[in-house]
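In what follows, a structure is listed as structure tokens, so that the remarks can point back to it.
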Amino acid sequence: MQTTDPLKVAGDELESRLLLGTGGVPSLGTLADCIRASGTSLVTVSMRRVRPDAPGSPLQTVRDAGVRVLPNTAGCFSARDAVLTAQLSREALGTSWVKLEVIADDQTLLPDVVETLAAAEQLVADGFDVFPYTTDDLGVARRLADLGCAAVMPLGSPIGSGLGISNPRAIAAICESVDVPVVLDAGIGTASDAALAMELGCDAVLAATAITRAEAPARMATAIAAAVEAGWLARAAGRIPRRESALASSPFEGLLGS
Amino acid sequence: MQTTDPLKVAGDELESRLLLGTGGVPSLGTLADCIRASGTSLVTVSMRRVRPDAPGSPLQTVRDAGVRVLPNTAGCFSARDAVLTAQLSREALGTSWVKLEVIADDQTLLPDVVETLAAAEQLVADGFDVFPYTTDDLGVARRLADLGCAAVMPLGSPIGSGLGISNPRAIAAICESVDVPVVLDAGIGTASDAALAMELGCDAVLAATAITRAEAPARMATAIAAAVEAGWLARAAGRIPRRESALASSPFEGLLGS
Amino acid sequence: MQTTDPLKVAGDELESRLLLGTGGVPSLGTLADCIRASGTSLVTVSMRRVRPDAPGSPLQTVRDAGVRVLPNTAGCFSARDAVLTAQLSREALGTSWVKLEVIADDQTLLPDVVETLAAAEQLVADGFDVFPYTTDDLGVARRLADLGCAAVMPLGSPIGSGLGISNPRAIAAICESVDVPVVLDAGIGTASDAALAMELGCDAVLAATAITRAEAPARMATAIAAAVEAGWLARAAGRIPRRESALASSPFEGLLGS
Amino acid sequence: MQTTDPLKVAGDELESRLLLGTGGVPSLGTLADCIRASGTSLVTVSMRRVRPDAPGSPLQTVRDAGVRVLPNTAGCFSARDAVLTAQLSREALGTSWVKLEVIADDQTLLPDVVETLAAAEQLVADGFDVFPYTTDDLGVARRLADLGCAAVMPLGSPIGSGLGISNPRAIAAICESVDVPVVLDAGIGTASDAALAMELGCDAVLAATAITRAEAPARMATAIAAAVEAGWLARAAGRIPRRESALASSPFEGLLGS
Amino acid sequence: MTIQVNGRPTDITEPITVQHLLQQLDLPRTDVAVAVDGAVVPRSSWQQTDVGPEAQVEVVTAMQGG
Amino acid sequence: MTIQVNGRPTDITEPITVQHLLQQLDLPRTDVAVAVDGAVVPRSSWQQTDVGPEAQVEVVTAMQGG
Amino acid sequence: MTIQVNGRPTDITEPITVQHLLQQLDLPRTDVAVAVDGAVVPRSSWQQTDVGPEAQVEVVTAMQGG
Amino acid sequence: MTIQVNGRPTDITEPITVQHLLQQLDLPRTDVAVAVDGAVVPRSSWQQTDVGPEAQVEVVTAMQGG
């Protein structure tokens with residue numbers, strides 16, 4: 001099958017346009033399976049306090065798979081906490097890439113765009129390659145790009161909801177208007193959601209819960225990877241326009257008895 | 001990539017779950033490309049009066065590609081015309097398979113389910129393997145299956161409209177309720193529509209206009225083929241439930257300063 | 001407030017374009033309240049075996065309110081049963097009006113259009129004014145109208161589901177294509193659904209469960225009545241077109257500093 | 001008909017929950033008709049440079065109708081311009097109420113939430129009653145409320161688009177989470193959109209283009225006013241839950257032959 | 001002899017008219033309709049129509065629904 | 001005498017078989033089917049079936065569509 | 001000397017008050033507000049506030065919109 | 001004296017370096033980062049940086065998430 005072009009972002013090229021989130025994965029073995037099945041080139045991790053009794057770290061799994069790691073600042077409610085978390089992730093993992101997440105509350109997990117903008121500005125100035133999770137607000141996405149973020153990551157719908165892309169026009173508008181890669185983040189529930197994201201113009205899709213909490217995670221990873229590719233190809237292929245009325249696909253000339 | 005199981009229908013096995021309609025294809029060369037790119041195992045043709053000046057027939061192209069042909073009764077407004085057309089197609093092409101189309105008018109191209117049921121009954125009795133195009137009416141789909149049709153082919157939206165699946169619950173209800181294969185027919189506009197059809201439980205998808213009239217038909221054929229596979233795998237993988245509220249994908253334990 | 005034109009149907013004029021179904025109403029007192037609050041002119045009842053121990057009949061309530069009664073054939077699975085039920089309703093209630101319902105099964109409660117067409121034909125021949133419940137299949141709706149039905153009553157979504165109008169384009173197509181009044185039947189969940197039905201071109205709306213099982217039935221009756229009127233007026237007022245891009249509502253001339 | 005409770009906002013009570021925008025109205029006579037037909041209590045105007053040759057001002061029309069005026073800052077791209085415009089409006093019209101609009105660009109007319117927040121803070125400090133136009137971003141809406149705004153006015157879809165409410169869940173989440181009145185602003189196309197806004201929990205709806213550019217503006221004003229009331233009542237009445245399967249509204253006991 | 005009235009076996013001593021049957025069973029006679037063996041018996045024929053052995057009688061009226 | 005072939009009036013001099021008609025009109029004989037007066041004429045009968053006066057002949061083949 | 005009034009160059013012969021400027025240009029004095037160089041001049045100060053050389057004067061009122 | 005390590009009170013006998021603290025507590029030293037009182041202590045400074053009384057020490061590593 002024809003494959004997508006690599007995604008150029010932050011000075012690197014990622015073979016796969018599917019980013020894999022590791023939250024919710026039932027075991028490191030399953031994580032390894034999902035990385036392989038998804039074909040992903042970039043895997044997120046969160047930064048948490050060391051626990052002596054913690055189960056194995058996903059880091060070794062990610063490294064064994066030969067893919068990049070993208071630490072996030074999940075759980076932060078302020079720019080200050082997010083910046084510190086990003087600095088710790090760079091120190092611990094040796095990467096300047098960071099998925100910036102600053103949320104407004106712990107119920108909706110929706111982005112706090114004011115704190116996100118503040119953190120993005122500081123992190124860019126500090127030399128980070130910033131991948132900010134944000135709402136589907138066009139003005140904010142543009143500001144994040146203008147601040148020098150490596151990409152913008154608008155949500156489709158709330159984290160873990162599986163509701164897909166609530167406002168497709170808003171996502172399409174961001175894709176048209178922003179010069180950096182757009183990665184659809186949060187809300188993916190199944191394959192068709194991922195295909196739609198790409199058709200709307202996204203450059204990549206991040207899936208976590210949709211894969212890790214599916215009944216068969218590795219199989220869903222394969223499915224969503226195929227869907228990302230399908231959507232990317234479909235966008236490049238130039239879809240037919242939507243028509244309010246029918247258009248015959250069989251000729252009306254040459255009918256019997258006509 | 002893991003591939004789908006073959007589709008068992010009318011005593012045969014089709015490797016691909018994407019059926020290709022040939023209406024609107026700009027040239028036989030493009031048709032050959034689309035057959036190859038789609039990986040399809042079954043290609044529709046319509047039956048029309050021989051014209052001495054006609055351009056080449058798609059038949060040779062289909063045969064060269066080594067795939068089955070599925071003649072249709074497109075353009076028929078009555079059971080009588082459809083039965084005659086089916087009989088002619090069997091005679092001309094040597095296949096008992098027929099895609100039964102009886103439409104209510106030439107503007108909407110919507111199925112006339114009364115004539116369709118009447119024709120299906122006659123054709124089944126006459127030994128045909130009947131693939132009827134129908135509405136998303138559950139009761140009619142069930143009757144068609146009960147009459148002995150080989151499959152049922154409910155529409156997603158009007159032929160050539162590219163509007164996708166207008167009533168996903170109706171399609172899902174048919175898939176749950178009917179024992180023969182369900183092939184989503186009409187309305188596919190792009191890859192995500194095809195993935196959705198499979199996720200709803202369809203056994204296969206037919207795409208014609210979406211592929212043949214795309215800006216880059218062969219590329220769209222690849223895209224939709226990938227989407228069919230993605231949707232099929234996703235259904236098998238057991239998607240996460242839709243949730244009205246968010247569900248954290250990163251742990252809240254072990255946060256800094258917590 | 002400006003009010004709607006009366007609905008001309010079956011040789012009568014109904015002041016209100018909201019039909020009230022009585023199923024699920026918790027008490028006859030509430031029924032009286034709902035009739036009053038809805039301002040309805042036509043109320044459905046079902047025909048059931050006399051039970052000596054039965055609670056009061058809704059008939060007296062309907063008569064006291066001075067509105068017409070529309071008996072239905074709910075619960076019938078065949079044309080034969082529906083015709084007998086209609087005949088009994090005419091005999092018992094002295095009205096030739098009948099809401100024809102023939103369902104495909106007792107789980108989905110979806111119409112069986114084949115039996116419905118057969119029953120409609122017999123009932124029209126027998127002098128009934130037939131109001132058939134049907135799917136949103138355009139061809140079937142047209143056949144019902146052509147058979148001489150007084151109106152057609154396509155469903156928005158399954159009975160009692162409250163899912164609103166699953167396929168608005170299908171309903172609009174029926175409204176454009178059928179000469180008799182179109183009454184949206186089944187699926188109304190709340191006021192906006194009823195407004196939408198009228199905006200799509202329906203001549204009236206039937207609401208039962210949405211009103212009778214609301215927390216405050218009479219208040220919901222008022223709400224849905226207002227929505228029917230709102231939708232009717234809005235359709236008559238000629239809505240603005242949908243635009244994919246914004247259109248300024250404040251002038252850009254005369255801005256400060258411009 | 002039962003009417004809605006008055007809307008308490010900024011220390012006043014508005015009888016009507018429909019705010020009328022005046023942009024696009026073809027004449028002052030039509031404006032007067034729309035104010036009357038809508039029953040509105042609050043009408044927006046924009047602030048523009050005096051033109052000696054300007055047609056009559058809407059102010060006298062608004063005053064004659066006995067309703068409040070709500071000046072806006074439409075056309076401003078920065079907090080600075082918006083604050084100055086608000087101050088001029090207070091000086092010219094003698095009202096501390098201002099609809100704060102700061103947009104990100106003149107194509108999408110989408111809010112610039114960063115500048116909007118900055119302006120809101122200054123205006124609240126300066127004694128204004130601020131009604132900010134904003135996106136459907138929950139975090140931003142909460143910040144605006146926390147800053148002391150009198151209300152928040154999230155958009156349904158872009159200004160003048162008539163696309164209705166693109167993300168109903170986002171609007172509902174704001175209504176649940178914010179203590180000040182929520183006024184749905186922008187995107188209303190017709191009556192059912194307004195009813196839906198109220199059902200989602202909005203306290204009021206602003207309509208401009210939907211009314212002023214309808215074919216029959218005053219009739220549409222009546223329609224949308226009825227829809228606002230319908231939606232408000234419906235919310236108060238407690239709608240039935242949405243059910244994936246049908247629920248019989250006629251009893252299955254007592255059927256003939258059962 | 002036994003007939004079925006609304007699905008319940010009912011003993012009657014001799015063939016009686018529909019009119020008498022309703023009276024005997026104390027069933028309402030307004031707002032009801034009667035079918036015997038699948039055919040409507042118009043009200044005007046109640047006094048002339050006998051209900052014979054093994055007849056299936058349906059007596060229906062309006063209930064909430066729809 | 002005149003017959004209709006695919007809707008066009010066609011003169012033939014005498015009744016001929018389906019097989020001869022296709023030859024005479026130089027129509028393809030593979031991948032086609034023939035109906036005369038609304039009934040299919042199987043390929044195996046082409047040589048035995050005469051096309052009479054005023055016959056409606058349809059000769060169809062596969063085209064793109066569907 | 002030249003000032004800008006609503007973006008148009010306007011010649012005035014000498015510094016004048018806001019009040020006089022509005023009169024001289026025959027601009028309405030009700031339902032309007034005035035800003036000079038980006039700051040609002042309250043109506044109560046119109047008679048005391050001079051408009052100097054190169055001033056940017058904005059005179060605004062309510063129009064349809066929003 | 002008592003410090004906080006990842007939110008838990010921890011007694012140490014005397015000021016020690018970050019490096020010694022990690023050793024003493026048997027914490028991993030690869031793939032981790034350390035902040036003291038809200039500022040990152042780069043790995044290269046672990047041996048030179050003392051952890052004083054009442055210090056808030058965070059030792060973090062990568063976990064599943066996002």
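Scheme for the structure tokens: letters A, B, ... for chains in order shown; per-chain residue numbers from 1; ligand numbers from 1 in order shown.
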
Handout entry: Neighbours of chain G in chain C at 12 Å, counting only C-alpha atoms, as a list in words
Key =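 Applying the cut-off to the listed atoms yields Leu247, Ala248, Ser249, Ser250, Pro251, Phe252, Glu253, Gly254, Leu255, Leu256, Gly257 and Ser258 of chain C.
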
Problem - Nearby residues (only C-alpha atoms) at most 9 Å from B:Ala186, same-chain spacing under 2 positions excluded, as an MDAnalysis selection string - result: chainID B and resid 133 153:162 164:165 184 188:189 205:209

Problem - All helix (DSSP H, G or I) residues (DSSP, backbone) inside chain H, as JSON, numbers by chain - result: {"H": [18, 19, 20, 21, 22, 23, 24, 43, 44, 45]}

Handout entry: Interface, chain A side, toward chain D (6 Å; only C-alpha atoms) as a ChimeraX atom specification
Key = /A:104,112,139,166-167

Handout entry: Coordinates-based distance that separates atom CA of C:Ala65 from atom CA of C:Glu15 (Å, one decimal)
Key =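 That distance, rounded to one decimal, is 13.8 Å.
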
Exercise for the section: List the neighbours of stretch 18-31 of chain H out to 8 Å using only C-alpha atoms; skip same-chain residues closer than 3 positions along the sequence, and give me the result as a ChimeraX atom specification. Expected result: /A:50,52,92-93 /H:46-51,61-62

Practice task
Provide the atom CA of A:Ala237 to atom CA of B:Pro26 distance in Å, to one decimal place.
Solution key: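 For atom CA of A:Ala237 relative to atom CA of B:Pro26, the distance reads 15.1 Å.
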
Practice task
Report the distance between atom CA of H:Val41 and atom CA of A:Leu84 in Å, rounded to one decimal place.
Solution key: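 Taking atom CA of H:Val41 and atom CA of A:Leu84, their separation equals 11.0 Å.
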
Exercise for the section: Once DSSP has gone over the backbone, tell me which residues of stretch 28-93 of chain A are in strand (DSSP E), as a VMD selection string. Expected result: chain A and resid 42 to 49 68 to 72

Problem - Contacts of D:Leu28 at 9 Å (only C-alpha atoms; same-chain gap of 4+ positions) as a ChimeraX atom specification - result: /D:32-33,56-58,61

Practice task
For B:Gln122, please output as a VMD selection string all residues within 12 Å (counting only C-alpha atoms; exclusion window: fewer than 2 positions along the same chain).
Solution key: chain B and resid 79 to 84 86 to 87 100 115 to 120 124 to 130 144 147 to 149
